[in-house]
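Structure data follow from work01.txt (compact mmCIF, C-alpha atoms):
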```
# COMPACT_ATOMS: atom_id res chain seq x y z
CA MET L 1 88.22 320.56 30.60
CA GLN L 2 87.15 323.93 29.25
CA GLU L 3 84.21 325.70 30.86
CA ILE L 4 81.86 326.87 28.14
CA ARG L 5 79.26 328.55 30.34
CA GLY L 6 77.80 328.69 33.81
CA THR L 7 74.29 328.66 35.22
CA GLN L 8 72.49 328.07 38.50
CA THR L 9 70.77 324.78 37.61
CA VAL L 10 71.32 322.18 34.89
CA ILE L 11 68.28 320.05 34.09
CA ILE L 12 69.11 316.75 32.39
CA GLY L 13 66.10 315.58 30.40
CA GLY L 14 63.84 317.39 27.96
CA GLY L 15 60.62 315.61 28.82
CA ILE L 16 57.55 317.14 30.44
CA ASN L 17 59.03 317.13 33.96
CA GLY L 18 62.33 318.70 32.98
CA LEU L 19 60.66 321.28 30.75
CA SER L 20 57.97 322.07 33.33
CA LEU L 21 60.73 322.66 35.87
CA ALA L 22 62.60 324.94 33.45
CA TYR L 23 59.38 326.85 32.77
CA ASN L 24 58.69 327.43 36.45
CA LEU L 25 62.29 328.33 37.26
CA ALA L 26 62.29 330.88 34.43
CA LYS L 27 59.18 332.52 35.88
CA MET L 28 61.07 332.78 39.18
CA LYS L 29 64.05 334.42 37.42
CA HIS L 30 66.25 331.45 38.27
CA LYS L 31 68.81 330.61 35.57
CA ALA L 32 68.75 327.11 34.11
CA ILE L 33 69.93 325.12 31.11
CA VAL L 34 68.14 322.03 29.81
CA ILE L 35 70.20 319.22 28.29
CA GLU L 36 68.45 316.64 26.11
CA LYS L 37 70.22 313.74 24.41
CA ARG L 38 67.81 313.77 21.46
CA TYR L 39 64.97 316.25 21.01
CA CYS L 40 62.40 317.45 23.52
CA GLY L 41 59.58 314.97 24.06
CA SER L 42 61.41 312.25 22.12
CA GLU L 43 61.02 309.61 24.82
CA GLY L 44 58.30 308.81 27.37
CA SER L 45 56.80 312.30 27.54
CA GLY L 46 55.93 312.28 23.86
CA ARG L 47 55.20 308.57 23.57
CA ASN L 48 52.47 307.86 26.10
CA ALA L 49 48.72 307.55 25.72
CA GLY L 50 48.02 311.04 27.07
CA GLY L 51 45.95 310.08 30.08
CA VAL L 52 45.51 312.62 32.90
CA ARG L 53 44.20 310.13 35.42
CA GLN L 54 43.38 310.99 39.03
CA GLN L 55 41.74 307.76 40.21
CA GLY L 56 43.58 304.51 40.84
CA ARG L 57 46.42 306.39 42.50
CA LEU L 58 48.49 305.62 45.56
CA PRO L 59 47.54 307.80 48.55
CA ALA L 60 50.54 310.14 48.34
CA GLU L 61 49.90 310.78 44.65
CA VAL L 62 46.28 311.88 44.93
CA PRO L 63 46.80 315.49 46.14
CA LEU L 64 49.47 315.99 43.48
CA VAL L 65 47.48 314.68 40.55
CA MET L 66 44.36 316.60 41.60
CA GLU L 67 46.30 319.86 41.68
CA ALA L 68 48.10 318.97 38.46
CA THR L 69 44.74 318.49 36.72
CA ARG L 70 43.71 321.99 37.76
CA ILE L 71 46.89 323.27 36.11
CA TRP L 72 46.01 321.31 32.97
CA ASP L 73 42.76 323.29 32.75
CA THR L 74 44.68 326.46 31.84
CA LEU L 75 47.91 324.99 30.47
CA SER L 76 47.07 325.62 26.80
CA ASP L 77 46.63 329.32 27.52
CA ASP L 78 49.78 329.40 29.65
CA LEU L 79 51.93 327.79 26.97
CA GLY L 80 50.22 329.37 23.97
CA VAL L 81 49.61 326.00 22.31
CA ASP L 82 46.65 323.65 22.19
CA THR L 83 47.57 320.71 24.42
CA GLU L 84 44.18 319.18 23.50
CA PHE L 85 43.44 318.69 27.19
CA ARG L 86 39.84 317.71 27.88
CA ARG L 87 38.13 316.46 31.02
CA THR L 88 36.64 313.37 29.41
CA GLY L 89 36.54 311.19 32.51
CA ASN L 90 38.29 307.92 33.32
CA ILE L 91 36.61 304.56 33.76
CA PHE L 92 38.55 301.69 35.30
CA LEU L 93 36.76 298.38 34.66
CA ALA L 94 36.65 295.37 36.97
CA THR L 95 36.19 291.91 35.46
CA THR L 96 35.99 289.82 38.64
CA ASP L 97 34.32 290.15 42.03
CA ALA L 98 37.75 290.47 43.66
CA GLU L 99 38.66 293.36 41.37
CA LEU L 100 35.33 295.07 42.02
CA GLU L 101 35.87 294.79 45.76
CA ALA L 102 39.31 296.35 45.30
CA HIS L 103 37.68 299.20 43.40
CA HIS L 104 35.30 299.78 46.33
CA LYS L 105 38.26 300.04 48.73
CA MET L 106 40.25 302.30 46.44
CA THR L 107 37.27 304.53 45.70
CA GLU L 108 36.34 304.91 49.36
CA ARG L 109 39.87 306.01 50.19
CA ILE L 110 40.24 308.45 47.31
CA ARG L 111 36.82 310.01 47.92
CA LYS L 112 38.02 310.85 51.43
CA GLN L 113 40.94 312.63 49.78
CA GLY L 114 38.53 314.84 47.87
CA LEU L 115 38.29 313.28 44.41
CA GLU L 116 34.94 312.84 42.68
CA VAL L 117 34.97 309.09 41.98
CA TYR L 118 32.46 306.32 42.50
CA VAL L 119 31.88 302.64 41.78
CA VAL L 120 29.50 301.74 38.95
CA ASP L 121 27.88 298.44 38.05
CA GLU L 122 27.91 296.97 34.55
CA LYS L 123 24.72 298.75 33.50
CA GLU L 124 26.09 302.12 34.57
CA ALA L 125 29.43 301.37 32.91
CA ARG L 126 27.64 300.73 29.61
CA LYS L 127 25.83 304.04 29.94
CA ILE L 128 29.20 305.78 30.27
CA VAL L 129 30.65 303.72 27.39
CA PRO L 130 27.74 302.58 25.18
CA ALA L 131 30.18 300.72 22.90
CA LEU L 132 31.20 298.42 25.78
CA LYS L 133 30.31 294.80 25.07
CA LYS L 134 27.65 293.38 27.34
CA GLY L 135 28.84 290.93 29.98
CA VAL L 136 32.57 291.71 29.84
CA CYS L 137 32.82 293.44 33.22
CA LYS L 138 31.36 293.52 36.70
CA GLY L 139 31.45 297.30 36.71
CA GLY L 140 34.31 299.50 37.82
CA SER L 141 35.24 302.91 39.14
CA TYR L 142 34.56 306.15 37.32
CA SER L 143 35.88 309.67 37.79
CA PRO L 144 34.28 312.28 35.52
CA THR L 145 36.95 314.91 36.25
CA CYS L 146 39.91 312.96 34.81
CA GLY L 147 41.04 313.80 31.30
CA MET L 148 43.47 313.35 28.47
CA ALA L 149 45.82 315.50 26.39
CA ASN L 150 48.22 315.29 23.45
CA PRO L 151 51.66 314.31 24.80
CA TYR L 152 53.69 315.51 21.83
CA TYR L 153 51.91 318.85 21.48
CA THR L 154 52.36 319.41 25.21
CA SER L 155 56.08 318.64 25.12
CA LEU L 156 56.64 320.92 22.14
CA GLY L 157 54.53 323.62 23.75
CA TYR L 158 56.65 323.56 26.90
CA ALA L 159 59.88 323.62 24.86
CA SER L 160 58.73 326.59 22.82
CA LYS L 161 57.57 328.53 25.88
CA VAL L 162 60.78 327.78 27.77
CA ARG L 163 62.87 329.11 24.91
CA ASN L 164 60.68 332.22 24.70
CA LEU L 165 61.42 332.82 28.37
CA GLY L 166 65.13 332.83 27.61
CA VAL L 167 66.09 329.34 28.76
CA GLU L 168 68.69 327.53 26.68
CA ILE L 169 67.77 323.99 25.61
CA MET L 170 70.74 321.97 24.38
CA GLU L 171 69.24 319.24 22.22
CA TYR L 172 71.26 316.35 20.78
CA THR L 173 73.71 316.82 23.63
CA ALA L 174 75.07 313.93 25.70
CA VAL L 175 76.04 314.18 29.35
CA THR L 176 79.31 312.30 29.82
CA ASP L 177 79.87 313.06 33.50
CA ILE L 178 78.54 314.97 36.50
CA VAL L 179 81.32 316.61 38.49
CA THR L 180 81.28 316.93 42.28
CA LYS L 181 83.71 318.48 44.75
CA ASN L 182 83.52 317.45 48.41
CA ASN L 183 80.17 315.73 47.70
CA CYS L 184 78.75 318.95 46.22
CA ILE L 185 77.67 319.52 42.63
CA ASP L 186 80.23 321.50 40.65
CA GLY L 187 79.14 321.05 37.04
CA VAL L 188 78.24 318.84 34.10
CA ILE L 189 80.49 317.57 31.33
CA THR L 190 78.78 317.23 27.96
CA ASP L 191 80.03 316.29 24.51
CA LYS L 192 79.84 320.03 23.78
CA GLY L 193 81.84 321.22 26.78
CA TYR L 194 81.59 321.93 30.49
CA ILE L 195 78.75 323.70 32.29
CA LYS L 196 79.51 324.91 35.79
CA CYS L 197 76.47 325.00 38.07
CA ASP L 198 75.29 324.81 41.66
CA ARG L 199 72.60 322.23 41.09
CA VAL L 200 71.83 319.31 38.77
CA VAL L 201 68.36 317.86 38.28
CA ILE L 202 68.20 314.34 36.87
CA ALA L 203 64.91 314.08 34.98
CA ALA L 204 65.90 311.52 32.37
CA GLY L 205 63.49 308.63 32.88
CA SER L 206 65.18 305.23 32.67
CA TRP L 207 68.43 306.90 31.64
CA SER L 208 68.57 308.42 35.13
CA VAL L 209 70.18 305.21 36.38
CA GLU L 210 73.39 305.79 34.43
CA LEU L 211 73.44 309.46 35.41
CA GLY L 212 73.11 308.50 39.07
CA LYS L 213 76.14 306.24 38.78
CA MET L 214 78.18 309.29 37.75
CA VAL L 215 77.79 310.66 41.28
CA GLY L 216 77.87 307.32 43.06
CA ILE L 217 74.18 306.72 43.74
CA ASP L 218 72.08 303.71 42.76
CA ILE L 219 68.68 304.81 41.46
CA PRO L 220 66.32 301.78 41.61
CA ILE L 221 64.64 302.09 38.22
CA THR L 222 63.74 299.27 35.86
CA PRO L 223 63.07 300.25 32.23
CA CYS L 224 59.97 298.89 30.54
CA ARG L 225 58.87 299.41 26.95
CA ASN L 226 55.22 300.46 26.83
CA GLN L 227 53.82 299.81 23.36
CA MET L 228 50.80 301.37 21.66
CA MET L 229 48.94 301.47 18.38
CA VAL L 230 46.83 304.23 16.88
CA THR L 231 43.94 303.78 14.48
CA GLU L 232 42.60 305.86 11.66
CA PRO L 233 40.17 308.62 12.76
CA ILE L 234 36.68 307.27 13.48
CA PRO L 235 33.45 308.87 14.71
CA PRO L 236 33.17 309.32 18.52
CA LEU L 237 33.07 305.88 20.11
CA VAL L 238 34.64 306.02 23.60
CA ARG L 239 34.62 309.34 25.42
CA PRO L 240 36.44 308.57 28.70
CA PHE L 241 39.89 307.08 29.02
CA LEU L 242 39.05 303.36 29.30
CA LEU L 243 41.31 301.25 31.50
CA THR L 244 41.04 297.55 32.31
CA GLY L 245 43.28 295.02 34.01
CA THR L 246 44.78 294.02 30.65
CA CYS L 247 44.47 296.96 28.23
CA TYR L 248 43.47 300.59 27.76
CA CYS L 249 42.25 302.94 25.07
CA ASN L 250 41.43 306.57 24.57
CA GLN L 251 40.05 308.47 21.60
CA THR L 252 41.93 311.60 20.62
CA LYS L 253 40.47 314.95 19.72
CA ASN L 254 40.83 314.05 16.04
CA GLY L 255 39.08 310.71 16.44
CA ASN L 256 42.08 308.36 16.43
CA MET L 257 41.95 305.54 18.96
CA ILE L 258 45.10 304.84 20.99
CA ILE L 259 45.28 301.27 22.29
CA GLY L 260 47.84 299.63 24.56
CA ASN L 261 48.41 296.89 27.09
CA VAL L 262 48.64 297.16 30.86
CA ASP L 263 51.77 295.58 32.40
CA PRO L 264 53.58 294.73 29.13
CA GLU L 265 56.52 293.20 31.06
CA ASP L 266 58.89 294.10 28.23
CA TYR L 267 61.81 295.13 30.40
CA CYS L 268 63.97 297.01 27.97
CA MET L 269 64.33 300.45 26.43
CA GLY L 270 63.25 301.13 22.89
CA ASN L 271 60.80 303.10 20.78
CA SER L 272 59.73 300.39 18.36
CA ALA L 273 56.66 298.21 18.77
CA ASN L 274 56.62 294.43 18.80
CA VAL L 275 54.10 292.84 16.41
CA ASN L 276 53.15 290.12 18.89
CA GLU L 277 52.51 292.72 21.60
CA MET L 278 50.27 294.65 19.21
CA LYS L 279 48.31 291.47 18.46
CA ILE L 280 47.78 290.92 22.18
CA SER L 281 46.65 294.54 22.62
CA ALA L 282 44.18 294.21 19.74
CA ARG L 283 42.72 290.94 21.02
CA ASN L 284 42.39 292.28 24.55
CA MET L 285 40.65 295.47 23.45
CA LEU L 286 38.27 293.70 21.05
CA LYS L 287 36.87 291.78 24.03
CA TYR L 288 35.59 295.12 25.34
CA ILE L 289 34.98 297.22 22.22
CA PRO L 290 34.22 294.82 19.34
CA GLN L 291 33.37 297.71 16.96
CA LEU L 292 37.11 298.32 16.62
CA GLY L 293 37.45 295.07 14.66
CA ASP L 294 36.90 296.82 11.33
CA VAL L 295 39.11 299.83 12.06
CA ASN L 296 42.54 300.21 10.44
CA VAL L 297 45.70 300.64 12.50
CA ILE L 298 47.87 303.33 10.92
CA ARG L 299 50.83 303.54 13.31
CA THR L 300 52.52 301.82 16.25
CA TRP L 301 55.21 302.96 18.66
CA GLY L 302 56.93 302.20 21.92
CA GLY L 303 57.67 304.48 24.82
CA PRO L 304 59.91 303.86 27.84
CA LEU L 305 58.51 303.59 31.34
CA ASP L 306 60.82 304.04 34.35
CA LEU L 307 59.49 301.65 36.98
CA THR L 308 60.37 301.80 40.68
CA PRO L 309 59.98 299.03 43.29
CA ASP L 310 56.96 300.70 44.92
CA ASP L 311 55.37 302.19 41.78
CA MET L 312 56.05 305.75 43.01
CA SER L 313 58.27 308.45 41.58
CA ILE L 314 61.53 309.72 43.07
CA LEU L 315 61.48 313.45 43.82
CA GLY L 316 63.63 315.92 45.67
CA ASN L 317 67.09 316.39 47.09
CA VAL L 318 69.62 313.60 47.49
CA ASP L 319 71.29 313.52 50.91
CA GLU L 320 74.51 311.99 49.58
CA VAL L 321 75.23 314.78 47.09
CA GLU L 322 74.53 318.42 47.90
CA GLY L 323 72.89 320.16 44.97
CA LEU L 324 71.54 316.99 43.33
CA VAL L 325 67.79 316.74 42.73
CA LEU L 326 65.89 313.76 41.30
CA ALA L 327 62.73 313.82 39.19
CA CYS L 328 62.44 310.33 37.78
CA GLY L 329 60.91 306.89 38.30
CA PHE L 330 57.41 308.02 37.37
CA ALA L 331 56.28 304.49 36.47
CA GLY L 332 53.93 305.73 33.76
CA HIS L 333 52.42 308.46 35.98
CA GLY L 334 54.66 311.35 34.99
CA PHE L 335 52.71 312.88 32.12
CA ALA L 336 49.62 313.62 34.19
CA THR L 337 51.52 315.19 37.08
CA GLY L 338 54.25 316.89 35.03
CA PRO L 339 52.85 320.45 35.11
CA LEU L 340 52.79 320.35 38.92
CA ILE L 341 56.04 318.45 39.47
CA GLY L 342 57.96 321.19 37.71
CA LYS L 343 56.30 323.80 39.88
CA LEU L 344 57.00 321.95 43.13
CA LEU L 345 60.64 321.26 42.31
CA ALA L 346 61.14 324.88 41.31
CA GLN L 347 59.80 325.87 44.72
CA LEU L 348 62.15 323.37 46.36
CA ILE L 349 65.15 324.75 44.46
CA VAL L 350 64.37 328.44 45.00
CA PHE L 351 62.61 328.45 48.39
CA ASP L 352 63.66 325.10 49.91
CA LYS L 353 60.00 324.19 50.51
CA THR L 354 57.00 323.09 48.48
CA GLU L 355 53.30 323.96 48.63
CA LEU L 356 52.36 320.26 48.59
CA PRO L 357 54.31 317.47 50.32
CA ILE L 358 56.83 315.51 48.26
CA GLU L 359 58.47 313.81 51.24
CA PRO L 360 56.79 310.42 50.48
CA PHE L 361 58.70 310.39 47.19
CA ARG L 362 62.14 310.93 48.75
CA PHE L 363 65.07 308.93 47.40
CA SER L 364 66.09 307.79 50.89
CA ARG L 365 62.89 305.76 51.32
CA PHE L 366 64.45 302.79 49.54
CA LYS L 367 66.91 302.38 52.43
CA GLU L 368 64.21 302.59 55.08
CA GLU L 369 62.11 299.81 56.56
CA LYS L 370 58.85 299.52 54.66
CA PRO L 371 55.64 299.94 56.72
CA LYS L 372 53.06 297.22 56.30
CA ASP L 373 49.96 298.32 54.43
CA GLU L 374 47.17 295.77 54.29
CA GLU L 375 44.89 297.96 52.18
CA VAL L 376 44.47 296.95 48.57
CA VAL L 377 44.91 300.28 46.80
CA TYR L 378 44.60 298.85 43.28
CA ALA L 379 46.90 301.37 41.67
CA TYR L 380 47.69 301.03 38.00
CA GLY L 381 50.37 298.41 37.52
CA GLN L 382 51.82 296.38 40.34
CA SER L 383 48.66 295.84 42.39
CA VAL L 384 46.86 294.55 39.31
CA LYS L 385 49.50 291.82 39.16
CA LYS L 386 49.05 291.10 42.88
CA LEU L 387 45.35 290.46 42.36
CA ARG L 388 46.16 287.94 39.64
CA GLU L 389 48.64 286.02 41.82
```

Could you show the structure in this file as structure tokens?
Amino acid sequence: MQEIRGTQTVIIGGGINGLSLAYNLAKMKHKAIVIEKRYCGSEGSGRNAGGVRQQGRLPAEVPLVMEATRIWDTLSDDLGVDTEFRRTGNIFLATTDAELEAHHKMTERIRKQGLEVYVVDEKEARKIVPALKKGVCKGGSYSPTCGMANPYYTSLGYASKVRNLGVEIMEYTAVTDIVTKNNCIDGVITDKGYIKCDRVVIAAGSWSVELGKMVGIDIPITPCRNQMMVTEPIPPLVRPFLLTGTCYCNQTKNGNMIIGNVDPEDYCMGNSANVNEMKISARNMLKYIPQLGDVNVIRTWGGPLDLTPDDMSILGNVDEVEGLVLACGFAGHGFATGPLIGKLLAQLIVFDKTELPIEPFRFSRFKEEKPKDEEVVYAYGQSVKKLRE
């Protein structure tokens, strides 16, 4: 096993979280190498709908996503590329009285955490989205400070900036093993040689599970293929990111409409799109925005989600292996928080502390007794399913 180079930290995964971490470490003069099995942004970070959503979050996520959104405000200037970030707002529709009541509870909690969000009735919802079909909702929750960005442009922007800062990104490179000595990180074996390091960060989405096995830990992630379609450019129709219990859509800066389903339950990895899933997405969305019926779909794709049992990401050090850090299991929430996650993990690596708490996201929580929480938080994903049961 020939050592080809050495560094302080190896980051496995060239998505927004891995690249954001590399960017922040470089600014701190901490040496790192990024390893990506394909190309940067090729998986979930470049294949999501681009929502930067603050509402509908679990309590521990709210401070993080609020601070992350403030970083998004200046990210284009910081990276030297147009991420197309805009604060367009986010409206989360409720179609039943039970859902609307859940929105009231969620909104009351999040307002106490400092987010500008409030419940609207159907009339107010149709003022926010004039294209919304009459009678299809009871109202919902609306946050005007949420936004959206271009996932692929953002990923490429981070990669370019990271390289300009002198960080090596090894694309099309496979990790074949992570080496430990006395339960401490020693290095990473790749198909291009050995990299000796003091720390390894696993930021590889659903692929993190196999990487965890290399050091003897079981990372509880279930892969799920999130599938979307994009239409031809059309005149402005829906300004905010529109989210319902069954589907979502957002209109890009160029006028294309991105449409997808909530809770696809397609538990596999893959970047293709299933025709039947696209039909379901189209039917669901046409119930809300019938004007889309005459619009052409020009492209479809799939993007992997890395789901965890509690719908929260896994962040921070791993007790079992000294020098191992996790940044995975984002359950579809990772794009919005990515600019901050990289900053916080860089602080953890360099200073052994973070400016905002990440303790709720610790890996060890899965071995701990779960506290009972009777509050319906109505976060995107699992709690939507609970309301249907």

Å distance separating CA of Val136 in chain L from CA of Met229 in chain L, one decimal place:
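Straight-line distance from CA of Val136 in chain L to CA of Met229 in chain L works out to 22.2 Å.
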
For each of L:Thr337, L:Asn183, L:Thr231, L:Ser281, take the minimum atom-to-atom distance to Ile16 in chain L, counting all atoms listed in the file, then give the residue where this is smallest.
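Ranked by minimum distance to Ile16 in chain L, first place goes to L:Thr337.
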
Can you pull out every residue within 10 Å of range 156-161 of chain L, counting all atoms listed in the file, but drop anything in the same chain fewer than 5 positions away, and send it as an mmCIF file with C-alpha atoms, keeping the file's coordinate frame?
```cif
data_model
loop_
_atom_site.group_PDB
_atom_site.id
_atom_site.type_symbol
_atom_site.label_atom_id
_atom_site.label_comp_id
_atom_site.auth_asym_id
_atom_site.auth_seq_id
_atom_site.Cartn_x
_atom_site.Cartn_y
_atom_site.Cartn_z
ATOM 1 C CA GLY L 14 63.840 317.390 27.960
ATOM 2 C CA GLY L 15 60.620 315.610 28.820
ATOM 3 C CA ILE L 16 57.550 317.140 30.440
ATOM 4 C CA ASN L 17 59.030 317.130 33.960
ATOM 5 C CA GLY L 18 62.330 318.700 32.980
ATOM 6 C CA LEU L 19 60.660 321.280 30.750
ATOM 7 C CA SER L 20 57.970 322.070 33.330
ATOM 8 C CA LEU L 21 60.730 322.660 35.870
ATOM 9 C CA ALA L 22 62.600 324.940 33.450
ATOM 10 C CA TYR L 23 59.380 326.850 32.770
ATOM 11 C CA VAL L 34 68.140 322.030 29.810
ATOM 12 C CA TYR L 39 64.970 316.250 21.010
ATOM 13 C CA CYS L 40 62.400 317.450 23.520
ATOM 14 C CA GLY L 41 59.580 314.970 24.060
ATOM 15 C CA SER L 42 61.410 312.250 22.120
ATOM 16 C CA GLY L 46 55.930 312.280 23.860
ATOM 17 C CA LEU L 75 47.910 324.990 30.470
ATOM 18 C CA SER L 76 47.070 325.620 26.800
ATOM 19 C CA ASP L 78 49.780 329.400 29.650
ATOM 20 C CA LEU L 79 51.930 327.790 26.970
ATOM 21 C CA GLY L 80 50.220 329.370 23.970
ATOM 22 C CA VAL L 81 49.610 326.000 22.310
ATOM 23 C CA ASP L 82 46.650 323.650 22.190
ATOM 24 C CA THR L 83 47.570 320.710 24.420
ATOM 25 C CA PRO L 151 51.660 314.310 24.800
ATOM 26 C CA GLY L 166 65.130 332.830 27.610
ATOM 27 C CA VAL L 167 66.090 329.340 28.760
ATOM 28 C CA GLU L 168 68.690 327.530 26.680
ATOM 29 C CA ILE L 169 67.770 323.990 25.610
ATOM 30 C CA PRO L 339 52.850 320.450 35.110
#
```

The residue from L:His333, L:Arg225, L:Lys138, L:Arg70 with the smallest atom-to-atom distance to Glu124 in chain L, counting all atoms listed in the file, is L:Lys138

Would you kindly identify which residues have an atom no farther than 12 Å from (77.9, 324.0, 33.4), using all atoms listed in the file and the file's own coordinates, and write them out as a PDB file with C-alpha atoms, in the coordinates of the input?
```
ATOM      1  CA  MET L   1      88.220 320.560  30.600  1.00  0.00           C
ATOM      2  CA  GLN L   2      87.150 323.930  29.250  1.00  0.00           C
ATOM      3  CA  GLU L   3      84.210 325.700  30.860  1.00  0.00           C
ATOM      4  CA  ILE L   4      81.860 326.870  28.140  1.00  0.00           C
ATOM      5  CA  ARG L   5      79.260 328.550  30.340  1.00  0.00           C
ATOM      6  CA  GLY L   6      77.800 328.690  33.810  1.00  0.00           C
ATOM      7  CA  THR L   7      74.290 328.660  35.220  1.00  0.00           C
ATOM      8  CA  GLN L   8      72.490 328.070  38.500  1.00  0.00           C
ATOM      9  CA  THR L   9      70.770 324.780  37.610  1.00  0.00           C
ATOM     10  CA  VAL L  10      71.320 322.180  34.890  1.00  0.00           C
ATOM     11  CA  ILE L  11      68.280 320.050  34.090  1.00  0.00           C
ATOM     12  CA  ILE L  12      69.110 316.750  32.390  1.00  0.00           C
ATOM     13  CA  LYS L  31      68.810 330.610  35.570  1.00  0.00           C
ATOM     14  CA  ALA L  32      68.750 327.110  34.110  1.00  0.00           C
ATOM     15  CA  ILE L  33      69.930 325.120  31.110  1.00  0.00           C
ATOM     16  CA  VAL L  34      68.140 322.030  29.810  1.00  0.00           C
ATOM     17  CA  ILE L  35      70.200 319.220  28.290  1.00  0.00           C
ATOM     18  CA  GLU L 168      68.690 327.530  26.680  1.00  0.00           C
ATOM     19  CA  MET L 170      70.740 321.970  24.380  1.00  0.00           C
ATOM     20  CA  VAL L 175      76.040 314.180  29.350  1.00  0.00           C
ATOM     21  CA  ASP L 177      79.870 313.060  33.500  1.00  0.00           C
ATOM     22  CA  ILE L 178      78.540 314.970  36.500  1.00  0.00           C
ATOM     23  CA  VAL L 179      81.320 316.610  38.490  1.00  0.00           C
ATOM     24  CA  THR L 180      81.280 316.930  42.280  1.00  0.00           C
ATOM     25  CA  ILE L 185      77.670 319.520  42.630  1.00  0.00           C
ATOM     26  CA  ASP L 186      80.230 321.500  40.650  1.00  0.00           C
ATOM     27  CA  GLY L 187      79.140 321.050  37.040  1.00  0.00           C
ATOM     28  CA  VAL L 188      78.240 318.840  34.100  1.00  0.00           C
ATOM     29  CA  ILE L 189      80.490 317.570  31.330  1.00  0.00           C
ATOM     30  CA  THR L 190      78.780 317.230  27.960  1.00  0.00           C
ATOM     31  CA  ASP L 191      80.030 316.290  24.510  1.00  0.00           C
ATOM     32  CA  LYS L 192      79.840 320.030  23.780  1.00  0.00           C
ATOM     33  CA  GLY L 193      81.840 321.220  26.780  1.00  0.00           C
ATOM     34  CA  TYR L 194      81.590 321.930  30.490  1.00  0.00           C
ATOM     35  CA  ILE L 195      78.750 323.700  32.290  1.00  0.00           C
ATOM     36  CA  LYS L 196      79.510 324.910  35.790  1.00  0.00           C
ATOM     37  CA  CYS L 197      76.470 325.000  38.070  1.00  0.00           C
ATOM     38  CA  ASP L 198      75.290 324.810  41.660  1.00  0.00           C
ATOM     39  CA  ARG L 199      72.600 322.230  41.090  1.00  0.00           C
ATOM     40  CA  VAL L 200      71.830 319.310  38.770  1.00  0.00           C
TER      41      VAL L 200
END
```

For a test of reading the model, state the distance in Å between CA of Gln55 in chain L and CA of Phe363 in chain L, rounded to one decimal.
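CA of Phe363 in chain L lies at a distance of 24.4 Å from CA of Gln55 in chain L.
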
So, with only C-alpha atoms as the atoms that count, which of L:Asn284, L:Asn250, L:Ser143, L:Asn317 lies closest to Ile202 in chain L?
L:Asn317

Shortest interatomic distance to Ala282 in chain L - which of L:Val162, L:Cys146, L:Val295, L:Ala125, counting only C-alpha atoms
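Using only C-alpha atoms, Ala282 in chain L sits closest to L:Val295.
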
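A straight line drawn from CA of Leu326 in chain L to CA of Asp311 in chain L is 15.6 Å long.
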
How big is the axis-aligned box, and where does its centre sit, when it encloses all atoms of range 252-263 of chain L listed in the file and has 8 Å added on every side, reported in Å to one decimal as AutoDock Vina command-line options?
```
--center_x 45.4 --center_y 305.3 --center_z 24.2 --size_x 28.7 --size_y 35.4 --size_z 32.4
```

Counting only C-alpha atoms, I want the residues whose atoms come within 12 Å of (76.4, 307.5, 42.5) in the file frame, returned as a ChimeraX atom specification.
/L:177-180,183,208-220,318-321,324

Written file, previous selection with C-alpha atoms, as a PDB file, in the frame of the given file:
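Written out: result31.pdb:
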```pdb
ATOM      1  CA  ASP L 177      79.870 313.060  33.500  1.00  0.00           C
ATOM      2  CA  ILE L 178      78.540 314.970  36.500  1.00  0.00           C
ATOM      3  CA  VAL L 179      81.320 316.610  38.490  1.00  0.00           C
ATOM      4  CA  THR L 180      81.280 316.930  42.280  1.00  0.00           C
ATOM      5  CA  ASN L 183      80.170 315.730  47.700  1.00  0.00           C
ATOM      6  CA  SER L 208      68.570 308.420  35.130  1.00  0.00           C
ATOM      7  CA  VAL L 209      70.180 305.210  36.380  1.00  0.00           C
ATOM      8  CA  GLU L 210      73.390 305.790  34.430  1.00  0.00           C
ATOM      9  CA  LEU L 211      73.440 309.460  35.410  1.00  0.00           C
ATOM     10  CA  GLY L 212      73.110 308.500  39.070  1.00  0.00           C
ATOM     11  CA  LYS L 213      76.140 306.240  38.780  1.00  0.00           C
ATOM     12  CA  MET L 214      78.180 309.290  37.750  1.00  0.00           C
ATOM     13  CA  VAL L 215      77.790 310.660  41.280  1.00  0.00           C
ATOM     14  CA  GLY L 216      77.870 307.320  43.060  1.00  0.00           C
ATOM     15  CA  ILE L 217      74.180 306.720  43.740  1.00  0.00           C
ATOM     16  CA  ASP L 218      72.080 303.710  42.760  1.00  0.00           C
ATOM     17  CA  ILE L 219      68.680 304.810  41.460  1.00  0.00           C
ATOM     18  CA  PRO L 220      66.320 301.780  41.610  1.00  0.00           C
ATOM     19  CA  VAL L 318      69.620 313.600  47.490  1.00  0.00           C
ATOM     20  CA  ASP L 319      71.290 313.520  50.910  1.00  0.00           C
ATOM     21  CA  GLU L 320      74.510 311.990  49.580  1.00  0.00           C
ATOM     22  CA  VAL L 321      75.230 314.780  47.090  1.00  0.00           C
ATOM     23  CA  LEU L 324      71.540 316.990  43.330  1.00  0.00           C
TER      24      LEU L 324
END
```

Within 6 Å of range 50-52 of chain L using all atoms listed in the file, minus same-chain residues under 4 positions, as a list in words:
Cys146, Gly147, Met148, Ala149, Asn150, Pro151 and Ala336 of chain L

So that I can check the surroundings of Ala131 in chain L, please list as an mmCIF file with C-alpha atoms, keeping the file's coordinate frame every protein, DNA and RNA residue that reaches within 7 Å of it, counting all atoms listed in the file and ignoring chain neighbours fewer than 2 positions away.
```
data_model
loop_
_atom_site.group_PDB
_atom_site.id
_atom_site.type_symbol
_atom_site.label_atom_id
_atom_site.label_comp_id
_atom_site.auth_asym_id
_atom_site.auth_seq_id
_atom_site.Cartn_x
_atom_site.Cartn_y
_atom_site.Cartn_z
ATOM 1 C CA VAL L 129 30.650 303.720 27.390
ATOM 2 C CA LYS L 133 30.310 294.800 25.070
ATOM 3 C CA LEU L 237 33.070 305.880 20.110
ATOM 4 C CA VAL L 238 34.640 306.020 23.600
ATOM 5 C CA ILE L 289 34.980 297.220 22.220
#
```
